[in-house]
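Student: Input file: model.txt. Contents: compact mmCIF, C-alpha atoms.
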# COMPACT_ATOMS: atom_id res chain seq x y z
CA MET P 1 -51.40 -64.55 2.19
CA ARG P 2 -49.44 -65.32 -0.95
CA CYS P 3 -49.23 -61.63 -1.78
CA ILE P 4 -47.12 -60.97 1.31
CA PRO P 5 -43.81 -62.08 -0.26
CA PHE P 6 -44.52 -59.89 -3.26
CA VAL P 7 -45.33 -56.85 -1.12
CA PHE P 8 -42.26 -57.51 1.06
CA ALA P 9 -40.08 -57.83 -2.03
CA VAL P 10 -41.51 -54.64 -3.53
CA PHE P 11 -40.78 -52.85 -0.26
CA LEU P 12 -37.25 -54.21 -0.27
CA GLY P 13 -36.87 -52.99 -3.82
CA PHE P 14 -37.02 -49.41 -2.54
CA LEU P 15 -34.22 -49.95 -0.06
CA PRO P 16 -31.30 -49.42 -2.48
CA ILE P 17 -32.33 -45.84 -3.23
CA VAL P 18 -33.07 -44.78 0.37
CA PRO P 19 -29.47 -43.71 1.26
CA ALA P 20 -29.13 -41.59 -1.88
CA LEU P 21 -32.54 -39.98 -1.34
CA ALA P 22 -31.69 -39.35 2.31
CA GLN P 23 -28.47 -37.56 1.33
CA THR P 24 -30.04 -35.28 -1.26
CA PRO P 25 -31.83 -32.77 1.02
CA LYS P 26 -28.73 -32.22 3.18
CA THR P 27 -26.53 -31.93 0.10
CA HIS P 28 -28.90 -29.38 -1.40
CA ASP P 29 -28.95 -27.47 1.90
CA ASP P 30 -25.14 -27.43 2.04
CA ALA P 31 -24.92 -26.22 -1.56
CA GLN P 32 -27.57 -23.56 -0.87
CA ALA P 33 -25.62 -22.41 2.20
CA LEU P 34 -22.48 -22.15 0.05
CA ARG P 35 -24.38 -20.13 -2.57
CA LYS P 36 -25.60 -17.79 0.16
CA ARG P 37 -22.08 -17.33 1.55
CA LEU P 38 -20.73 -16.80 -1.96
CA GLU P 39 -23.31 -14.09 -2.62
CA GLU P 40 -22.47 -12.43 0.71
CA GLU P 41 -18.76 -12.45 -0.19
CA ARG P 42 -19.53 -10.97 -3.60
CA LEU P 43 -21.54 -8.18 -1.96
CA LYS P 44 -18.64 -7.51 0.41
CA ILE P 45 -16.09 -7.45 -2.41
CA ARG P 46 -18.27 -5.03 -4.41
CA SER P 47 -18.39 -2.82 -1.31
CA LEU P 48 -14.59 -3.07 -1.00
CA GLU P 49 -14.18 -2.17 -4.68
CA GLN P 50 -16.31 0.94 -4.16
CA LYS P 51 -14.33 1.81 -1.04
CA LYS P 52 -11.06 1.36 -2.96
CA ARG P 53 -12.24 3.70 -5.71
CA THR P 54 -13.40 6.27 -3.17
CA LEU P 55 -10.08 6.12 -1.29
CA GLU P 56 -8.07 6.41 -4.51
CA GLN P 57 -10.10 9.46 -5.55
CA THR P 58 -9.67 11.00 -2.09
CA ILE P 59 -5.92 10.38 -2.13
CA ASP P 60 -5.60 11.92 -5.62
CA SER P 61 -7.62 14.95 -4.49
CA GLU P 62 -5.54 15.36 -1.34
CA LYS P 63 -2.31 15.08 -3.33
CA GLN P 64 -3.51 17.82 -5.70
CA SER P 65 -4.28 19.99 -2.68
CA LEU P 66 -0.84 19.16 -1.28
CA LYS P 67 0.74 20.35 -4.53
CA ARG P 68 -1.08 23.68 -4.06
CA TYR P 69 0.52 24.06 -0.62
CA ASP P 70 3.89 23.23 -2.14
CA ARG P 71 3.42 26.03 -4.68
CA ILE P 72 2.40 28.46 -1.93
CA LEU P 73 5.46 27.58 0.15
CA ARG P 74 7.71 27.92 -2.89
CA ASP P 75 6.19 31.38 -3.48
CA TYR P 76 6.99 32.28 0.14
CA GLN P 77 10.58 31.20 -0.34
CA TYR P 78 10.80 33.19 -3.55
CA ASN P 79 9.31 36.32 -1.92
CA LEU P 80 11.70 35.98 1.03
CA LYS P 81 14.68 35.75 -1.32
CA GLU P 82 13.50 38.67 -3.45
CA ALA P 83 12.86 40.80 -0.35
CA GLN P 84 16.33 39.95 0.91
CA LYS P 85 17.84 41.00 -2.44
CA VAL P 86 16.07 44.37 -2.20
CA ILE P 87 17.22 44.77 1.44
CA ASP P 88 20.82 43.90 0.52
CA ALA P 89 20.81 46.37 -2.40
CA ALA P 90 19.23 49.09 -0.28
CA ASP P 91 21.70 48.47 2.57
CA SER P 92 24.59 48.77 0.12
CA GLU P 93 23.28 52.06 -1.26
CA VAL P 94 22.61 53.41 2.26
CA GLN P 95 26.18 52.56 3.17
CA GLN P 96 27.49 54.41 0.09
CA ILE P 97 25.35 57.48 0.85
CA THR P 98 26.46 57.42 4.48
CA GLU P 99 30.11 57.21 3.49
CA ARG P 100 29.72 60.09 1.00
CA SER P 101 27.88 62.19 3.55
CA GLN P 102 30.58 61.58 6.13
CA THR P 103 33.26 62.56 3.62
CA TRP P 104 31.38 65.72 2.65
CA GLU P 105 30.74 66.64 6.27
CA SER P 106 34.41 66.25 7.09
CA PHE P 107 35.38 68.40 4.12
CA TYR P 108 32.66 70.89 5.06
CA ARG P 109 34.11 71.30 8.55
CA LYS P 110 37.57 71.86 7.08
CA CYS P 111 36.22 74.54 4.77
CA VAL P 112 34.42 76.26 7.63
CA ARG P 113 37.59 76.26 9.70
CA ALA P 114 39.57 77.63 6.76
CA ALA P 115 37.03 80.37 6.19
CA SER P 116 36.98 81.23 9.88
CA SER P 117 40.75 81.40 10.08
CA HIS P 118 40.83 84.10 7.38
CA SER P 119 37.93 86.12 8.66
CA PHE P 120 39.91 88.53 10.92
CA LEU P 121 41.88 91.51 9.51
CA LEU P 122 45.21 92.92 10.55
CA THR P 123 45.48 96.71 10.25
CA ALA P 124 49.09 96.54 9.30
CA GLU P 125 48.45 93.86 6.69
CA PRO P 126 48.97 94.94 3.11
CA PHE P 127 45.92 95.42 0.97
CA SER P 128 46.87 92.61 -1.41
CA ARG P 129 47.16 90.24 1.50
CA ARG P 130 43.72 91.27 2.72
CA LEU P 131 42.27 90.63 -0.76
CA GLN P 132 43.81 87.19 -0.84
CA ARG P 133 42.43 86.40 2.61
CA ASN P 134 38.95 87.56 1.56
CA ALA P 135 39.09 85.41 -1.58
CA ILE P 136 40.09 82.35 0.48
CA GLN P 137 37.31 83.04 2.94
CA GLU P 138 34.69 83.42 0.19
CA ALA P 139 35.90 80.27 -1.59
CA GLY P 140 35.72 78.26 1.64
CA GLU P 141 32.24 79.50 2.32
CA ASP P 142 31.11 78.64 -1.24
CA ILE P 143 32.54 75.15 -0.99
CA ALA P 144 30.98 74.65 2.45
CA ARG P 145 27.57 75.70 1.14
CA ALA P 146 27.89 73.34 -1.86
CA LEU P 147 28.86 70.46 0.44
CA PHE P 148 25.94 71.23 2.72
CA ARG P 149 23.56 71.20 -0.27
CA ASN P 150 24.97 67.84 -1.40
CA VAL P 151 24.42 66.34 2.03
CA GLN P 152 20.86 67.67 2.11
CA THR P 153 20.20 66.36 -1.40
CA GLU P 154 21.13 62.79 -0.33
CA GLN P 155 18.71 62.82 2.62
CA PRO P 156 15.42 62.09 0.70
CA ARG P 157 17.03 59.11 -1.09
CA LEU P 158 18.45 57.89 2.20
CA GLN P 159 15.03 58.14 3.84
CA GLU P 160 13.42 56.34 0.87
CA LEU P 161 15.93 53.48 1.14
CA LEU P 162 15.40 53.15 4.86
CA THR P 163 11.62 52.97 4.27
CA VAL P 164 12.10 50.25 1.63
CA ILE P 165 14.30 48.25 4.00
CA GLN P 166 11.73 48.54 6.78
CA ASP P 167 8.86 47.49 4.45
CA LYS P 168 10.75 44.45 3.14
CA ARG P 169 11.75 43.37 6.63
CA GLU P 170 8.16 43.66 7.80
CA LEU P 171 7.12 41.53 4.80
CA GLN P 172 9.68 38.90 5.74
CA GLU P 173 8.44 39.00 9.32
CA ARG P 174 4.83 38.46 8.22
CA ILE P 175 5.79 35.58 5.92
CA LEU P 176 7.95 33.84 8.51
CA ASN P 177 5.75 34.35 11.58
CA ARG P 178 2.20 34.57 10.20
CA TYR P 179 1.75 33.07 6.75
CA MET P 180 4.26 30.20 6.53
CA PRO P 181 3.45 28.58 9.90
CA VAL P 182 -0.24 28.38 8.99
CA ASP P 183 0.40 26.85 5.58
CA LEU P 184 3.11 24.53 6.91
CA SER P 185 0.72 23.28 9.58
CA ALA P 186 -2.00 22.78 6.96
CA LYS P 187 0.47 20.92 4.73
CA GLU P 188 1.53 18.63 7.59
CA THR P 189 -2.12 17.92 8.39
CA LYS P 190 -2.74 17.16 4.71
CA GLU P 191 0.28 14.84 4.55
CA GLN P 192 -0.89 13.04 7.70
CA ARG P 193 -4.36 12.65 6.22
CA ILE P 194 -2.88 11.30 2.98
CA GLY P 195 -0.79 8.82 4.99
CA GLU P 196 -3.86 7.65 6.87
CA LYS P 197 -5.80 7.26 3.64
CA VAL P 198 -2.92 5.36 2.03
CA GLU P 199 -2.78 2.97 5.01
CA GLU P 200 -6.54 2.55 4.83
CA ALA P 201 -6.30 1.91 1.08
CA GLU P 202 -3.58 -0.70 1.61
CA LYS P 203 -5.67 -2.44 4.29
CA THR P 204 -8.73 -2.28 2.03
CA ASN P 205 -6.73 -3.78 -0.82
CA SER P 206 -5.46 -6.52 1.51
CA ASP P 207 -9.06 -7.26 2.57
CA TYR P 208 -10.05 -7.20 -1.10
CA GLN P 209 -7.40 -9.78 -1.98
CA GLU P 210 -8.49 -11.98 0.93
CA ARG P 211 -12.10 -11.77 -0.23
CA LEU P 212 -11.03 -12.75 -3.73
CA LEU P 213 -9.28 -15.83 -2.35
CA SER P 214 -12.33 -16.62 -0.21
CA ILE P 215 -14.62 -16.32 -3.24
CA GLU P 216 -12.36 -18.60 -5.28
CA GLU P 217 -12.35 -21.17 -2.46
CA LEU P 218 -16.15 -20.98 -2.02
CA GLN P 219 -16.59 -21.30 -5.78
CA ARG P 220 -14.43 -24.44 -5.77
CA GLN P 221 -16.43 -25.90 -2.90
CA LEU P 222 -19.72 -25.02 -4.57
CA THR P 223 -18.60 -26.64 -7.83
CA ALA P 224 -17.63 -29.77 -5.88
CA TRP P 225 -21.02 -29.85 -4.14
CA GLU P 226 -22.87 -29.33 -7.42
CA ASP P 227 -20.86 -32.17 -8.96
CA ARG P 228 -21.78 -34.31 -5.96
CA ILE P 229 -25.47 -33.44 -6.33
CA ALA P 230 -25.32 -34.33 -10.02
CA GLU P 231 -23.66 -37.65 -9.14
CA ILE P 232 -26.34 -38.38 -6.51
CA ASN P 233 -29.08 -37.58 -9.02
CA ARG P 234 -27.45 -39.85 -11.58
CA LYS P 235 -27.25 -42.68 -9.05
CA ARG P 236 -30.87 -42.09 -8.05
CA MET P 237 -32.02 -42.34 -11.65
CA LEU P 238 -30.08 -45.57 -12.09
CA GLU P 239 -31.53 -46.99 -8.87
CA GLU P 240 -35.06 -45.98 -9.83
CA LYS P 241 -34.56 -47.69 -13.20
CA LYS P 242 -33.29 -50.81 -11.43
CA LYS P 243 -36.26 -50.67 -9.03
CA ARG P 244 -38.72 -50.52 -11.94
CA GLU P 245 -37.00 -53.48 -13.59
CA GLU P 246 -37.16 -55.48 -10.34
CA GLN P 247 -40.82 -54.59 -9.83
CA ALA P 248 -41.59 -55.77 -13.38
CA HIS P 249 -39.70 -59.00 -12.73
CA LEU P 250 -41.58 -59.62 -9.45
CA LEU P 251 -44.90 -58.91 -11.15
CA ALA P 252 -44.08 -61.45 -13.87
CA GLU P 253 -43.13 -64.03 -11.21
CA ARG P 254 -46.44 -63.50 -9.39
CA LYS P 255 -48.46 -63.94 -12.59
CA LYS P 256 -46.54 -67.12 -13.34
CA ARG P 257 -47.32 -68.60 -9.89
CA GLU P 258 -50.99 -67.62 -10.12
CA GLU P 259 -51.18 -69.40 -13.52
CA GLN P 260 -49.58 -72.53 -11.99
CA GLN P 261 -52.05 -72.51 -9.09
CA ARG P 262 -54.99 -72.13 -11.52
CA LEU P 263 -53.80 -75.13 -13.55
CA LEU P 264 -53.38 -77.23 -10.40
CA ALA P 265 -56.87 -76.33 -9.24
CA GLN P 266 -58.33 -77.69 -12.55
CA GLN P 267 -56.77 -81.23 -12.15
CA PRO P 268 -59.03 -84.20 -10.95
CA ALA P 269 -59.32 -84.69 -7.20
CA LYS P 270 -57.97 -88.30 -7.30
CA VAL P 271 -54.85 -87.14 -8.68
CA ASN P 272 -52.62 -86.12 -5.88
CA PRO P 273 -50.08 -84.04 -7.64
CA GLN P 274 -47.13 -82.81 -5.90
CA ASN P 275 -47.43 -79.14 -5.20
CA PRO P 276 -44.58 -77.32 -6.76
CA ALA P 277 -42.33 -75.89 -4.16
CA GLU P 278 -42.60 -72.25 -3.86
CA LYS P 279 -39.50 -70.56 -4.57
CA LYS P 280 -38.44 -68.33 -1.89
CA ILE P 281 -38.67 -64.81 -3.11
CA SER P 282 -35.81 -62.97 -1.83
CA ALA P 283 -35.24 -59.38 -2.30
CA PRO P 284 -32.21 -58.51 -4.29
CA LYS P 285 -29.59 -57.31 -2.00
CA GLU P 286 -27.71 -54.22 -2.89
CA ASN P 287 -25.32 -52.43 -0.73
CA ALA P 288 -26.11 -48.81 -0.23
CA PRO P 289 -23.60 -46.63 -1.97
CA PRO P 290 -20.86 -45.56 0.39
CA PRO P 291 -21.20 -41.97 1.55
CA GLU P 292 -19.07 -39.64 -0.46
CA SER P 293 -16.66 -37.47 1.35
CA SER P 294 -16.87 -33.76 0.87
CA PRO P 295 -14.05 -32.16 -1.08
CA ALA P 296 -11.03 -31.40 1.04
CA VAL P 297 -10.13 -27.78 1.45
CA SER P 298 -6.41 -27.17 1.49
CA SER P 299 -5.06 -24.11 3.23
CA GLY P 300 -2.54 -23.60 0.42
CA ARG P 301 -0.45 -21.25 2.60
CA PRO P 302 2.50 -23.20 4.01
CA PHE P 303 4.59 -19.99 4.15
CA SER P 304 2.21 -18.38 6.65
CA GLN P 305 2.72 -21.31 9.01
CA GLN P 306 6.49 -20.72 9.23
CA GLN P 307 6.45 -17.44 11.17
CA GLY P 308 9.34 -17.42 13.61
CA ASN P 309 10.94 -20.49 12.02
CA LEU P 310 12.30 -19.23 8.69
CA PRO P 311 16.06 -19.65 8.22
CA TRP P 312 18.19 -16.54 7.67
CA PRO P 313 19.36 -15.81 4.11
CA ALA P 314 22.78 -15.38 5.72
CA LYS P 315 23.61 -14.86 9.39
CA GLY P 316 24.98 -11.45 10.38
CA ALA P 317 24.46 -8.33 12.48
CA VAL P 318 21.34 -6.26 11.75
CA ILE P 319 22.66 -2.75 11.03
CA ARG P 320 19.36 -1.23 9.95
CA PRO P 321 16.08 -2.29 11.60
CA PHE P 322 12.60 -2.66 10.15
CA GLY P 323 10.26 0.35 10.37
CA GLU P 324 11.18 3.84 11.59
CA TYR P 325 14.74 4.69 12.66
CA ALA P 326 16.86 7.82 13.12
CA TYR P 327 19.38 8.44 10.32
CA PRO P 328 22.70 8.87 12.21
CA GLN P 329 24.21 11.64 10.05
CA SER P 330 21.25 14.04 10.28
CA ASN P 331 19.03 12.50 13.00
CA ILE P 332 16.18 12.51 10.44
CA THR P 333 13.53 9.82 10.96
CA MET P 334 13.46 7.33 8.07
CA LYS P 335 11.32 4.25 7.41
CA SER P 336 12.73 0.92 6.21
CA PRO P 337 10.49 -1.80 4.67
CA GLY P 338 13.02 -4.46 5.64
CA ILE P 339 16.36 -5.03 7.39
CA ASP P 340 20.02 -4.63 6.38
CA VAL P 341 22.39 -7.39 7.56
CA ARG P 342 26.21 -7.02 7.75
CA VAL P 343 28.11 -10.01 6.30
CA GLN P 344 31.35 -10.76 4.50
CA ALA P 345 31.41 -9.89 0.79
CA GLY P 346 30.70 -12.97 -1.30
CA THR P 347 28.67 -14.71 1.44
CA PRO P 348 26.13 -17.11 -0.16
CA ILE P 349 22.56 -15.83 0.16
CA LYS P 350 19.92 -18.57 0.48
CA ALA P 351 16.16 -18.70 -0.11
CA VAL P 352 14.28 -18.76 3.21
CA ALA P 353 11.44 -20.88 1.77
CA GLU P 354 10.37 -22.74 -1.34
CA GLY P 355 9.17 -20.43 -4.11
CA GLU P 356 9.53 -19.17 -7.66
CA VAL P 357 11.84 -16.41 -8.94
CA LEU P 358 9.58 -13.45 -9.73
CA TYR P 359 12.39 -10.97 -10.55
CA ALA P 360 16.16 -11.07 -10.85
CA GLY P 361 17.93 -7.88 -11.88
CA ASP P 362 18.83 -4.32 -10.93
CA ILE P 363 16.48 -2.11 -8.87
CA PRO P 364 17.50 1.54 -8.19
CA GLY P 365 18.40 1.93 -4.51
CA PHE P 366 18.77 -1.81 -3.96
CA GLY P 367 21.21 -2.79 -6.70
CA GLN P 368 21.09 -6.36 -7.93
CA THR P 369 17.91 -7.84 -6.42
CA VAL P 370 16.15 -11.23 -6.33
CA ILE P 371 12.41 -11.44 -5.55
CA LEU P 372 10.83 -14.81 -4.74
CA ALA P 373 7.06 -15.49 -4.82
CA HIS P 374 5.62 -17.91 -2.28
CA GLU P 375 2.18 -19.42 -1.74
CA GLY P 376 -0.35 -17.27 0.07
CA ASN P 377 0.60 -14.04 -1.81
CA TYR P 378 3.91 -13.77 0.11
CA LEU P 379 7.11 -12.30 -1.34
CA THR P 380 10.71 -12.29 -0.09
CA VAL P 381 13.14 -9.62 -1.38
CA TYR P 382 16.96 -10.00 -1.37
CA GLY P 383 18.74 -6.72 -2.21
CA ARG P 384 22.42 -6.09 -3.09
CA VAL P 385 22.79 -9.73 -4.12
CA ALA P 386 24.60 -10.94 -7.23
CA GLU P 387 21.96 -13.37 -8.42
CA THR P 388 22.63 -16.91 -9.63
CA VAL P 389 19.01 -17.69 -10.52
CA SER P 390 16.68 -16.61 -13.33
CA VAL P 391 13.04 -15.53 -13.61
CA ASN P 392 10.40 -18.32 -13.35
CA GLN P 393 12.96 -20.68 -11.83
CA SER P 394 11.65 -22.76 -8.92
CA VAL P 395 13.89 -22.74 -5.84
CA SER P 396 13.79 -24.79 -2.68
CA ALA P 397 14.26 -23.63 0.91
CA GLY P 398 17.95 -23.17 1.65
CA GLN P 399 18.97 -23.05 -2.04
CA VAL P 400 21.70 -20.49 -2.83
CA ILE P 401 20.22 -17.73 -5.01
CA GLY P 402 23.21 -15.38 -5.09
CA LYS P 403 26.10 -13.82 -3.19
CA ALA P 404 26.39 -10.65 -1.10
CA MET P 405 27.86 -7.87 -3.26
CA GLY P 406 30.67 -5.58 -2.08
CA MET P 407 34.14 -4.27 -2.98
CA GLU P 408 35.49 -4.54 0.59
CA ASN P 409 35.59 -7.41 3.08
CA GLN P 410 32.42 -6.38 4.87
CA THR P 411 29.20 -5.50 3.11
CA ASP P 412 25.49 -5.78 3.82
CA TYR P 413 22.46 -7.21 2.08
CA HIS P 414 18.85 -6.03 2.25
CA PHE P 415 16.00 -8.44 3.13
CA GLU P 416 12.21 -7.93 3.11
CA ILE P 417 9.10 -10.08 3.64
CA ARG P 418 5.84 -8.85 2.11
CA GLN P 419 2.28 -10.10 1.92
CA GLY P 420 0.93 -8.42 -1.18
CA LYS P 421 2.02 -4.77 -0.80
CA THR P 422 2.24 -4.94 3.00
CA ALA P 423 5.79 -5.00 4.41
CA LEU P 424 6.20 -7.39 7.37
CA ASN P 425 8.89 -7.31 10.07
CA PRO P 426 11.44 -9.97 9.02
CA LEU P 427 12.70 -10.36 12.62
CA GLN P 428 9.26 -11.73 13.59
CA TRP P 429 9.54 -14.40 10.86
CA LEU P 430 13.21 -15.42 11.02
CA SER P 431 14.37 -17.97 13.58
CA ARG P 432 16.17 -16.67 16.65
Spit out the file's structure as structure tokens when you get a sec.

Tutor:
Amino acid sequence: MRCIPFVFAVFLGFLPIVPALAQTPKTHDDAQALRKRLEEERLKIRSLEQKKRTLEQTIDSEKQSLKRYDRILRDYQYNLKEAQKVIDAADSEVQQITERSQTWESFYRKCVRAASSHSFLLTAEPFSRRLQRNAIQEAGEDIARALFRNVQTEQPRLQELLTVIQDKRELQERILNRYMPVDLSAKETKEQRIGEKVEEAEKTNSDYQERLLSIEELQRQLTAWEDRIAEINRKRMLEEKKKREEQAHLLAERKKREEQQRLLAQQPAKVNPQNPAEKKISAPKENAPPPESSPAVSSGRPFSQQQGNLPWPAKGAVIRPFGEYAYPQSNITMKSPGIDVRVQAGTPIKAVAEGEVLYAGDIPGFGQTVILAHEGNYLTVYGRVAETVSVNQSVSAGQVIGKAMGMENQTDYHFEIRQGKTALNPLQWLSR
């Protein structure tokens, strides 16, 4: 029965490593699950990369095709103008011929009347007078015949010009009513297709960026789990070493007691030695290592949580909305990536959230512009603002970054919110 304490102690010697060994399978399973998810995300991002390339190639191809339609339509415009030039020149020449013919016809009728008025003879008229009358009559007839020939000579050219005018007008009619509508419709369809592909490409790129962030986060988690597994393995090795040392110590203690019992058994029976008290063998107590907490995952996107609560850069009336709107002067539909706000010139413009100055300078169409970068791939854009900050400068929410520019009392500034390349409606993010 003396072996029982030893066996009990040896059993207790395994206890310190049980918690670590119990954690290892679950930790390995969690790490393996992370590896599987990471591989799935990598497969998805490779698929998105291929889709991006395909969309970019399709958009380039469609734009080349669109350029061909532009050339065709320019050719139509050119042919219409050239046909109109020919028609205008032919009309001018027809008018000249018509005016000449009318003049000749009028003169012809006068000559005929003159010749007719001298065609009768008076018996009592002197011979010289009759000769004069005959000469006038013959001259009138000669002139009339010459005028008639001139009029007839102009007729083929007149008919040729009228045919040219008719042909050119028929060409214009075909271009305007047959050819151009077909190509214009095809061009509009092509432009719509390009727009759809561009939207799809932007969405694909947004998904791609999200996958990249997801992969980075999974990689961080996997690294943390692998570090934890390595730490558990290190602790297990240390505990196994300690267990071996304790087992060796217990084995030495047992041999020592057995040697003492053998020596006592060899003493004479009359001697009543005191039995040495057995030392209570107690198992070394070790507290199991406290469970380690898994690495915290921070969202890292405080900007995204402020939708509907962002302060205004400067309060004012919105004079141009986000998205599509009708341009008042021409009623043409335009598209705005942000809003324009009417304020007093010199009004301080403030940052709507904490961020870093990504750009501060002139942008064509916007004037002096400040762009702030925020966590979560968000950007805020402040146009027509005389900046008071510089690139790479960190700014806090509500900090003045510039003033509204303008030569008169009232002016307006431009404001956008973007996530990557996607423009968001600022009115859905700003506080009411």

Student: May I have the residues within 10 Å of Ala423 of chain P as JSON, numbers by chain, using all atoms listed in the file and disregarding those fewer than 4 positions away in the same chain?

Tutor: {"P": [322, 323, 336, 337, 338, 378, 379, 380, 416, 417, 418, 419]}

Student: So how far away is atom CA of Glu356 of chain P from atom CA of Gln209 of chain P, in Å?

Tutor: 20.2 Å

Student: Tell me which protein, DNA and RNA residues are within 12 Å of segment 402-406 of chain P, counting all atoms listed in the file, leaving out same-chain ones fewer than 3 positions away, and put them as a VMD selection string.

Tutor: chain P and resid 313 to 316 340 to 351 360 to 361 366 to 371 382 to 390 395 398 to 399 409 to 415

Student: Compare P:Ser396, P:Ser101, P:Asn425, P:Gln159 by their minimum atom-to-atom distance to Ile339 of chain P, counting all atoms listed in the file, and give me the closest one.

Tutor: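 Of P:Ser396, P:Ser101, P:Asn425, P:Gln159, the one nearest Ile339 of chain P is P:Asn425, counting all atoms listed in the file.
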
Student: Given the point (-17.1, -17.5, -6.1) in the coordinates of this file, which residues lie within 8 Å, counting only C-alpha atoms, and how would they look as a list in words?

Tutor: Leu38, Glu39, Glu41, Arg42, Ser214, Ile215, Glu216, Glu217, Leu218, Gln219 and Arg220 of chain P

Student: Just checking: using all atoms listed in the file, which residue out of P:Arg169, P:Arg46, P:Arg193, P:Arg113 ends up closest to Lys63 of chain P?

Tutor: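 Result for the nearest residue to Lys63 of chain P: P:Arg193.
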
Student: Since the input has fewer atoms than a full residue there, write segment 251-262 of chain P out with N, CA, C and O atoms, as a compact mmCIF listing (two decimals), in the frame of the given file.

Tutor:
# COMPACT_ATOMS: atom_id res chain seq x y z
N LEU P 251 -43.53 -58.81 -10.64
CA LEU P 251 -44.90 -58.91 -11.15
C LEU P 251 -45.05 -60.09 -12.10
O LEU P 251 -46.05 -60.83 -12.07
N ALA P 252 -44.05 -60.30 -12.95
CA ALA P 252 -44.08 -61.45 -13.87
C ALA P 252 -44.03 -62.76 -13.10
O ALA P 252 -44.74 -63.74 -13.44
N GLU P 253 -43.20 -62.82 -12.03
CA GLU P 253 -43.13 -64.03 -11.21
C GLU P 253 -44.47 -64.31 -10.55
O GLU P 253 -44.93 -65.45 -10.46
N ARG P 254 -45.14 -63.28 -10.04
CA ARG P 254 -46.44 -63.50 -9.39
C ARG P 254 -47.47 -64.00 -10.38
O ARG P 254 -48.23 -64.94 -10.08
N LYS P 255 -47.51 -63.45 -11.58
CA LYS P 255 -48.46 -63.94 -12.59
C LYS P 255 -48.19 -65.40 -12.94
O LYS P 255 -49.12 -66.19 -13.15
N LYS P 256 -46.92 -65.75 -13.00
CA LYS P 256 -46.54 -67.12 -13.34
C LYS P 256 -47.04 -68.07 -12.26
O LYS P 256 -47.60 -69.15 -12.54
N ARG P 257 -46.86 -67.73 -10.98
CA ARG P 257 -47.32 -68.60 -9.89
C ARG P 257 -48.85 -68.71 -9.88
O ARG P 257 -49.42 -69.79 -9.63
N GLU P 258 -49.52 -67.58 -10.08
CA GLU P 258 -50.99 -67.62 -10.12
C GLU P 258 -51.49 -68.54 -11.24
O GLU P 258 -52.48 -69.28 -11.07
N GLU P 259 -50.80 -68.51 -12.41
CA GLU P 259 -51.18 -69.40 -13.52
C GLU P 259 -50.95 -70.86 -13.14
O GLU P 259 -51.79 -71.74 -13.44
N GLN P 260 -49.84 -71.14 -12.43
CA GLN P 260 -49.58 -72.53 -11.99
C GLN P 260 -50.64 -72.99 -11.00
O GLN P 260 -51.12 -74.13 -11.06
N GLN P 261 -51.03 -72.15 -10.05
CA GLN P 261 -52.05 -72.51 -9.09
C GLN P 261 -53.42 -72.75 -9.77
O GLN P 261 -54.17 -73.65 -9.40
N ARG P 262 -53.73 -71.94 -10.78
CA ARG P 262 -54.99 -72.13 -11.52
C ARG P 262 -54.99 -73.47 -12.24
O ARG P 262 -56.01 -74.21 -12.23
